>>> print(open('my_file04.txt').read())   # compact mmCIF, C-alpha atoms
# COMPACT_ATOMS: atom_id res chain seq x y z
CA MET A 1 0.00 0.00 0.00
CA LEU A 2 2.80 2.40 0.92
CA GLN A 3 4.65 1.60 -2.30
CA ALA A 4 1.51 2.25 -4.37
CA ALA A 5 0.94 5.56 -2.59
CA ARG A 6 4.54 6.63 -3.26
CA TYR A 7 4.11 5.77 -6.93
CA LEU A 8 0.89 7.75 -7.28
CA LEU A 9 2.33 10.74 -5.44
CA GLY A 10 5.68 10.54 -7.18
CA SER A 11 7.49 10.59 -3.85
CA PRO A 12 11.27 10.40 -4.33
CA GLY A 13 13.17 7.32 -3.24
CA ALA A 14 16.77 6.98 -2.08
CA SER A 15 18.03 8.35 -5.40
CA GLY A 16 16.11 11.60 -4.94
CA PHE A 17 13.84 10.73 -7.87
CA GLY A 18 10.49 8.98 -8.20
CA SER A 19 7.75 7.98 -10.61
CA LYS A 20 7.02 11.58 -11.62
CA SER A 21 10.64 12.48 -12.41
CA THR A 22 11.44 13.17 -16.06
CA ALA A 23 14.42 12.33 -18.23
CA ASP A 24 15.39 16.01 -18.33
CA GLU A 25 15.33 16.20 -14.54
CA VAL A 26 17.44 13.11 -13.87
CA THR A 27 20.12 14.24 -16.33
CA ALA A 28 20.38 17.77 -14.92
CA ALA A 29 23.28 16.63 -12.73
CA CYS A 30 25.29 15.76 -15.85
CA PRO A 31 24.60 18.62 -18.28
CA ASP A 32 27.65 18.00 -20.50
CA LEU A 33 27.87 14.56 -22.08
CA GLY A 34 29.93 15.82 -25.01
CA SER A 35 32.58 13.13 -24.64
CA LEU A 36 30.12 10.23 -24.84
CA THR A 37 28.85 8.15 -27.75
CA ALA A 38 25.57 6.28 -27.23
CA ILE A 39 23.77 3.66 -29.28
CA ILE A 40 20.03 3.60 -28.55
CA THR A 41 17.84 0.96 -30.16
CA GLY A 42 14.18 1.70 -30.69
CA ALA A 43 14.84 5.43 -30.74
CA THR A 44 12.43 6.40 -33.51
CA SER A 45 9.46 6.80 -31.16
CA GLY A 46 8.29 6.64 -27.56
CA ILE A 47 10.70 6.11 -24.71
CA GLY A 48 13.69 5.53 -26.99
CA ALA A 49 13.07 8.76 -28.88
CA GLU A 50 12.87 10.75 -25.64
CA THR A 51 16.06 9.09 -24.39
CA ALA A 52 17.82 10.03 -27.62
CA ARG A 53 16.53 13.60 -27.47
CA VAL A 54 17.63 14.16 -23.89
CA LEU A 55 21.09 12.61 -24.29
CA ALA A 56 21.66 14.57 -27.52
CA LYS A 57 20.51 17.74 -25.76
CA ARG A 58 23.14 17.09 -23.09
CA GLY A 59 25.81 16.80 -25.79
CA ALA A 60 26.20 13.06 -26.38
CA ARG A 61 26.77 11.71 -29.87
CA VAL A 62 23.73 9.50 -30.52
CA VAL A 63 23.59 6.59 -32.93
CA ILE A 64 20.05 5.61 -33.93
CA PRO A 65 19.82 2.11 -35.43
CA ALA A 66 16.45 1.39 -37.00
CA ARG A 67 14.68 -0.99 -39.34
CA SER A 68 13.09 2.05 -40.99
CA VAL A 69 15.89 4.41 -41.93
CA LYS A 70 13.30 7.02 -42.92
CA ALA A 71 11.78 6.97 -39.42
CA ALA A 72 15.26 7.33 -37.95
CA GLU A 73 16.07 10.23 -40.28
CA ASP A 74 12.81 11.91 -39.26
CA MET A 75 13.79 11.50 -35.61
CA ARG A 76 17.22 12.92 -36.36
CA ALA A 77 15.58 15.97 -37.97
CA ARG A 78 13.35 16.50 -34.92
CA ILE A 79 16.32 16.39 -32.56
CA LEU A 80 18.32 18.76 -34.77
CA GLY A 81 15.34 21.11 -34.81
CA GLU A 82 15.64 21.43 -31.03
CA CYS A 83 19.42 21.01 -30.78
CA PRO A 84 21.01 22.29 -34.02
CA GLY A 85 24.50 21.20 -32.97
CA ALA A 86 23.55 17.63 -32.08
CA ASP A 87 25.65 14.80 -33.51
CA ILE A 88 23.19 12.15 -34.67
CA LEU A 89 24.11 9.13 -36.79
CA VAL A 90 21.55 6.85 -38.45
CA LEU A 91 22.27 3.23 -39.41
CA HIS A 92 20.03 0.36 -40.49
CA LEU A 93 19.29 -2.44 -38.03
CA ASP A 94 16.61 -5.11 -37.87
CA LEU A 95 16.95 -6.69 -34.44
CA SER A 96 14.86 -9.69 -35.42
CA SER A 97 17.56 -10.70 -37.92
CA LEU A 98 20.88 -11.98 -36.59
CA ALA A 99 22.47 -11.24 -39.98
CA SER A 100 21.29 -7.63 -39.74
CA VAL A 101 22.68 -7.33 -36.21
CA ARG A 102 26.06 -8.57 -37.39
CA ASP A 103 25.99 -6.20 -40.36
CA PHE A 104 25.16 -3.24 -38.12
CA ALA A 105 27.99 -4.08 -35.73
CA ARG A 106 30.45 -4.36 -38.62
CA ARG A 107 29.39 -1.01 -40.03
CA PHE A 108 29.50 0.75 -36.68
CA LEU A 109 32.91 -0.66 -35.75
CA SER A 110 34.29 0.30 -39.18
CA LEU A 111 33.58 3.97 -38.35
CA GLY A 112 36.28 3.95 -35.67
CA LEU A 113 34.04 5.71 -33.14
CA PRO A 114 34.22 5.16 -29.38
CA LEU A 115 31.26 3.59 -27.58
CA ASP A 116 30.37 4.57 -24.03
CA LEU A 117 26.66 3.78 -23.75
CA LEU A 118 24.59 0.96 -25.19
CA ILE A 119 20.89 1.30 -24.47
CA ASN A 120 18.98 -1.81 -25.51
CA ASN A 121 15.56 -0.18 -25.60
CA ALA A 122 13.73 -1.54 -28.65
CA GLY A 123 10.66 -3.58 -27.83
CA LYS A 124 7.97 -5.40 -29.75
CA PHE A 125 4.59 -6.76 -28.67
CA SER A 126 3.36 -9.19 -31.31
CA HIS A 127 -0.36 -9.39 -31.96
CA GLY A 128 -2.30 -12.17 -33.55
CA GLN A 129 -0.72 -15.45 -34.53
CA LEU A 130 2.73 -16.84 -33.88
CA ALA A 131 5.44 -15.38 -36.11
CA LEU A 132 9.00 -16.62 -36.44
CA SER A 133 12.05 -14.59 -37.37
CA GLU A 134 14.15 -15.48 -40.40
CA ASP A 135 16.34 -17.43 -37.95
CA GLY A 136 13.43 -19.55 -36.74
CA VAL A 137 12.97 -17.78 -33.41
CA GLU A 138 9.64 -16.58 -31.95
CA MET A 139 9.52 -12.97 -33.15
CA THR A 140 9.03 -11.20 -29.82
CA PHE A 141 11.90 -13.11 -28.22
CA ALA A 142 14.09 -12.51 -31.29
CA THR A 143 13.49 -8.76 -31.32
CA ASN A 144 13.33 -7.92 -27.62
CA TYR A 145 16.07 -10.22 -26.37
CA LEU A 146 18.13 -12.33 -28.78
CA GLY A 147 19.01 -9.49 -31.16
CA HIS A 148 20.12 -7.38 -28.21
CA PHE A 149 22.11 -10.28 -26.77
CA LEU A 150 24.09 -10.58 -30.01
CA LEU A 151 24.41 -6.80 -30.42
CA THR A 152 25.84 -6.47 -26.91
CA LYS A 153 28.23 -9.37 -27.47
CA LEU A 154 29.56 -7.84 -30.70
CA LEU A 155 30.02 -4.34 -29.24
CA LEU A 156 31.33 -5.26 -25.80
CA GLY A 157 34.97 -5.24 -26.90
CA LYS A 158 34.62 -1.70 -28.22
CA MET A 159 32.97 -0.57 -24.98
CA ALA A 160 35.75 -2.06 -22.84
CA GLU A 161 38.36 -0.53 -25.14
CA THR A 162 36.72 2.90 -24.94
CA ALA A 163 36.49 2.77 -21.15
CA ALA A 164 40.16 1.77 -20.85
CA ALA A 165 41.26 4.56 -23.19
CA THR A 166 39.15 7.36 -21.73
CA GLY A 167 38.87 6.40 -18.07
CA VAL A 168 35.09 6.87 -18.37
CA GLN A 169 33.09 3.86 -17.26
CA GLY A 170 30.92 2.35 -19.98
CA ARG A 171 27.28 1.55 -19.26
CA ILE A 172 24.81 -0.87 -20.78
CA VAL A 173 21.11 -0.44 -20.08
CA ASN A 174 18.62 -3.22 -20.84
CA VAL A 175 15.04 -1.99 -20.92
CA SER A 176 12.84 -4.70 -19.42
CA SER A 177 9.40 -4.46 -17.81
CA SER A 178 7.63 -5.49 -14.64
CA VAL A 179 5.68 -7.79 -16.96
CA HIS A 180 8.68 -10.14 -16.72
CA GLY A 181 7.14 -11.29 -13.44
CA TRP A 182 4.02 -12.53 -15.22
CA PHE A 183 5.92 -15.61 -16.41
CA SER A 184 7.07 -18.12 -13.82
CA GLY A 185 7.43 -21.31 -15.84
CA ASP A 186 10.35 -22.76 -17.75
CA TRP A 187 11.24 -20.28 -20.48
CA ALA A 188 13.10 -22.93 -22.53
CA ASP A 189 10.18 -25.35 -22.53
CA TYR A 190 7.80 -22.52 -23.40
CA LEU A 191 9.86 -21.37 -26.37
CA LYS A 192 10.36 -24.92 -27.61
CA LEU A 193 6.66 -25.76 -27.41
CA VAL A 194 5.36 -22.50 -28.85
CA THR A 195 7.86 -22.61 -31.72
CA ARG A 196 6.76 -26.15 -32.56
CA ARG A 197 3.12 -25.01 -32.26
CA LYS A 198 2.51 -27.56 -29.52
CA ILE A 199 0.78 -24.96 -27.35
CA PRO A 200 -1.41 -21.95 -28.24
CA TYR A 201 0.42 -18.70 -28.87
CA ASP A 202 -0.17 -16.06 -26.20
CA ALA A 203 1.31 -12.66 -27.07
CA THR A 204 1.43 -11.51 -23.45
CA GLN A 205 3.26 -14.66 -22.35
CA ALA A 206 5.72 -14.26 -25.21
CA TYR A 207 6.36 -10.66 -24.22
CA ALA A 208 6.82 -11.64 -20.55
CA VAL A 209 9.35 -14.32 -21.51
CA SER A 210 11.35 -11.83 -23.57
CA LYS A 211 11.38 -9.32 -20.70
CA LEU A 212 12.41 -12.05 -18.23
CA ALA A 213 15.29 -12.83 -20.58
CA ASN A 214 16.35 -9.16 -20.46
CA VAL A 215 16.65 -9.32 -16.67
CA LEU A 216 18.49 -12.66 -16.67
CA HIS A 217 20.85 -11.35 -19.36
CA THR A 218 21.66 -8.37 -17.16
CA LYS A 219 22.42 -10.60 -14.20
CA GLU A 220 24.79 -12.91 -16.08
CA LEU A 221 26.46 -10.13 -18.08
CA ALA A 222 27.22 -8.17 -14.88
CA ALA A 223 29.01 -11.21 -13.43
CA ARG A 224 30.98 -11.78 -16.65
CA LEU A 225 31.99 -8.12 -16.90
CA GLN A 226 33.35 -8.31 -13.36
CA GLU A 227 35.29 -11.46 -14.19
CA MET A 228 36.70 -9.77 -17.30
CA GLY A 229 37.81 -6.76 -15.31
CA ALA A 230 36.09 -4.51 -17.86
CA ASP A 231 35.20 -1.01 -16.68
CA VAL A 232 31.66 -1.44 -17.99
CA THR A 233 28.45 -1.86 -16.00
CA VAL A 234 25.05 -3.21 -16.98
CA ASN A 235 21.68 -2.61 -15.37
CA CYS A 236 18.10 -3.21 -16.44
CA VAL A 237 15.10 -0.97 -15.97
CA HIS A 238 11.33 -1.05 -15.80
CA PRO A 239 10.29 2.23 -17.44
CA GLY A 240 6.72 2.14 -16.12
CA ILE A 241 3.39 1.85 -17.88
CA VAL A 242 3.00 4.33 -20.68
CA ARG A 243 0.95 4.40 -23.84
CA THR A 244 3.49 4.24 -26.64
CA ARG A 245 3.60 2.76 -30.12
CA LEU A 246 4.29 -0.61 -28.48
CA ASN A 247 0.52 -1.13 -28.29
CA ARG A 248 -0.26 0.70 -31.53
CA ASP A 249 -2.21 -2.29 -32.87
CA ARG A 250 -4.60 -2.26 -29.93
CA GLU A 251 -6.52 0.90 -30.69
CA GLY A 252 -10.26 0.94 -30.10
CA LEU A 253 -13.03 2.01 -27.76
CA ILE A 254 -12.30 -0.56 -25.04
CA THR A 255 -8.56 0.09 -25.08
CA ASP A 256 -9.10 3.85 -25.01
CA LEU A 257 -11.54 3.51 -22.11
CA VAL A 258 -9.11 1.36 -20.13
CA PHE A 259 -6.32 3.88 -20.62
CA VAL A 260 -8.58 6.74 -19.53
CA LEU A 261 -9.52 4.85 -16.37
CA LEU A 262 -5.87 4.03 -15.69
CA SER A 263 -4.60 7.50 -16.60
CA LYS A 264 -3.46 8.19 -13.04
CA LEU A 265 -1.21 5.12 -13.20
CA LEU A 266 0.27 5.85 -16.62
CA LYS A 267 3.47 7.78 -17.07
CA THR A 268 4.14 10.42 -19.66
CA ILE A 269 6.90 9.53 -22.10
CA PRO A 270 9.39 11.95 -20.44
CA GLN A 271 8.65 10.23 -17.12
CA ALA A 272 8.96 6.76 -18.64
CA ALA A 273 12.37 7.63 -20.12
CA ALA A 274 13.68 8.87 -16.78
CA THR A 275 14.85 5.53 -15.38
CA THR A 276 16.66 4.66 -18.62
CA CYS A 277 18.49 7.99 -18.61
CA TYR A 278 19.22 7.68 -14.88
CA ALA A 279 20.79 4.26 -15.41
CA ALA A 280 22.74 5.51 -18.42
CA VAL A 281 24.41 8.64 -17.08
CA HIS A 282 23.66 9.58 -13.48
CA PRO A 283 26.79 9.80 -11.30
CA ARG A 284 25.05 7.96 -8.46
CA LEU A 285 25.20 4.72 -10.44
CA ALA A 286 28.95 4.77 -11.05
CA GLY A 287 30.21 1.26 -10.39
CA VAL A 288 26.72 -0.13 -9.83
CA SER A 289 26.01 -3.22 -11.94
CA GLY A 290 23.56 -6.09 -12.24
CA ARG A 291 20.65 -4.20 -10.68
CA TYR A 292 16.98 -3.91 -11.58
CA LEU A 293 15.65 -0.34 -11.43
CA ALA A 294 12.16 1.14 -11.41
CA ASP A 295 11.22 4.80 -10.93
CA CYS A 296 14.96 5.64 -10.82
CA ASN A 297 15.51 3.48 -7.74
CA GLU A 298 16.66 -0.07 -7.16
CA ALA A 299 13.82 -2.59 -7.06
CA LEU A 300 13.44 -6.34 -6.74
CA PRO A 301 12.87 -8.42 -9.89
CA SER A 302 10.68 -11.51 -9.82
CA PRO A 303 12.01 -14.67 -8.14
CA ALA A 304 12.42 -16.27 -11.58
CA ALA A 305 14.67 -13.38 -12.62
CA ALA A 306 16.90 -13.65 -9.54
CA SER A 307 18.42 -17.05 -10.28
CA ARG A 308 22.06 -16.99 -11.33
CA SER A 309 21.83 -20.58 -12.58
CA GLU A 310 18.91 -19.64 -14.84
CA ALA A 311 20.84 -16.61 -16.05
CA ALA A 312 23.81 -18.82 -16.92
CA ARG A 313 21.52 -21.33 -18.59
CA LEU A 314 19.91 -18.64 -20.74
CA TRP A 315 23.34 -17.31 -21.70
CA GLN A 316 24.47 -20.73 -22.94
CA ALA A 317 21.21 -21.26 -24.82
CA SER A 318 21.62 -17.82 -26.41
CA GLU A 319 25.14 -18.66 -27.53
CA ASP A 320 23.76 -21.84 -29.10
CA MET A 321 20.99 -19.88 -30.81
CA ILE A 322 23.23 -17.27 -32.39
CA SER A 323 25.82 -19.85 -33.49
CA GLY A 324 23.13 -22.14 -34.89
CA SER A 325 21.43 -19.53 -37.05
CA SER A 326 23.32 -20.68 -40.13
CA GLN A 327 21.44 -24.01 -39.91
CA GLN A 328 18.08 -22.49 -40.88
CA GLY A 329 16.88 -22.34 -37.30
CA GLN A 330 17.14 -26.10 -36.62
CA VAL A 331 19.26 -25.54 -33.52
CA LEU A 332 16.91 -22.78 -32.45
CA GLN A 333 13.78 -24.88 -32.76
CA TYR A 334 14.99 -28.26 -31.65
CA GLY A 335 18.61 -28.50 -30.57
CA CYS A 336 19.39 -26.27 -27.62
CA TRP A 337 16.07 -26.81 -25.82
CA THR A 338 15.63 -30.56 -26.18
CA GLY A 339 17.69 -31.31 -23.11
CA THR A 340 15.93 -28.99 -20.70
CA SER A 341 15.88 -31.61 -17.95
CA GLU A 342 19.63 -31.33 -17.67
CA HIS A 343 19.75 -27.66 -16.70
CA PRO A 344 21.10 -26.67 -13.26
CA THR A 345 18.70 -26.65 -10.36
CA LYS A 346 17.66 -23.21 -9.12
>>> encode(input="my_file04.txt", output="structure tokens")
Amino acid sequence: MLQAARYLLGSPGASGFGSKSTADEVTAACPDLGSLTAIITGATSGIGAETARVLAKRGARVVIPARSVKAAEDMRARILGECPGADILVLHLDLSSLASVRDFARRFLSLGLPLDLLINNAGKFSHGQLALSEDGVEMTFATNYLGHFLLTKLLLGKMAETAAATGVQGRIVNVSSSVHGWFSGDWADYLKLVTRRKIPYDATQAYAVSKLANVLHTKELAARLQEMGADVTVNCVHPGIVRTRLNRDREGLITDLVFVLLSKLLKTIPQAAATTCYAAVHPRLAGVSGRYLADCNEALPSPAAASRSEAARLWQASEDMISGSSQQGQVLQYGCWTGTSEHPTK
């Protein structure tokens, strides 16, 4: 009850910020980000666009990867309209395609730019029937998690190199959701069965699994970064509930009525982008890694997201998935999930 009251009132937590804080407000303590380069996925609209705008306004060079280059160019023009001196780079990226992720990483690395911030923000909520990516992966999981897993893996060396050369700690931010707690089963069994069409496709369950994977990825990556000795941190965030293009296919009288009734619980886009920006640049989070944040404060993820053994298991399965993509998805659909009984006990 107290937590709900604090959310509704926007009362600040230990960080000094709360649910009503905006991205502009949480970045006021770091007005000059001119030495930083940030890649922000999903930055053509919604929370990602606001994150890009605010970081560019503070001086950061912002790279906007997007499936629609036109949408990214339009976003670039909007940012330049507000911040004429902003340094915005647009590159093509389709996160649902592992080949596209690899191509984007090659093109970015060929530019010889540093990389300080990687904000894995892009999200997809599939509607209707099951869809598989070109690699044979359930589309929501492919876009929200697996593409970001590969992207992070391919850019991690550059981030560690940049941090070592500049003395500025690199930061990775994975945008998850409290919806990750809506799934408490075995993610591997679920993906195997839904991909084989052995169980009905449920878009909300698929989204929850992808968001659970974001949290588990953060947990395992934080441990690996520490083992590597890399001066790079990773945290994941729940941005809050906000009406963005994520639910653009659910327009209608009932949906509109629900959102009106829940309007006091919904965040504005500047408020929803606050936790992402806080995790990306606020001085208070220097050296902090492997945490789950909500309303710009540390929060507890679901029990399923807190297991290090599950995080390690997902990591290994993800490695198998990205290495098996050349086999037309056979490893993705059948190989790496057929032995689920052998995974470590929680």
>>> atom_distance(input="my_file04.txt", atom1="CA of Thr27 in chain A", atom2="CA of Gly170 in chain A")
16.5 Å
>>> closest_residue(input="my_file04.txt", among="A:Thr162, A:Thr51, A:Ser110, A:Ser15", to="Leu36 in chain A", atoms="all atoms listed in the file")
A:Thr162
>>> closest_residue(input="my_file04.txt", among="A:Ala304, A:Cys277, A:Cys296, A:Val234", to="Ile40 in chain A", atoms="only C-alpha atoms")
A:Cys277
>>> residues_near_point(input="my_file04.txt", point="(23.9, 2.8, -26.9)", cutoff="10 Å", atoms="all atoms listed in the file", output="ChimeraX atom specification")
/A:36-41,52,61-65,115-121,152,155,159,170-173,280
>>> atom_distance(input="my_file04.txt", atom1="CA of Leu55 in chain A", atom2="CA of Ala28 in chain A")
10.7 Å
>>> atom_distance(input="my_file04.txt", atom1="CA of Ser289 in chain A", atom2="CA of Asn235 in chain A")
5.6 Å
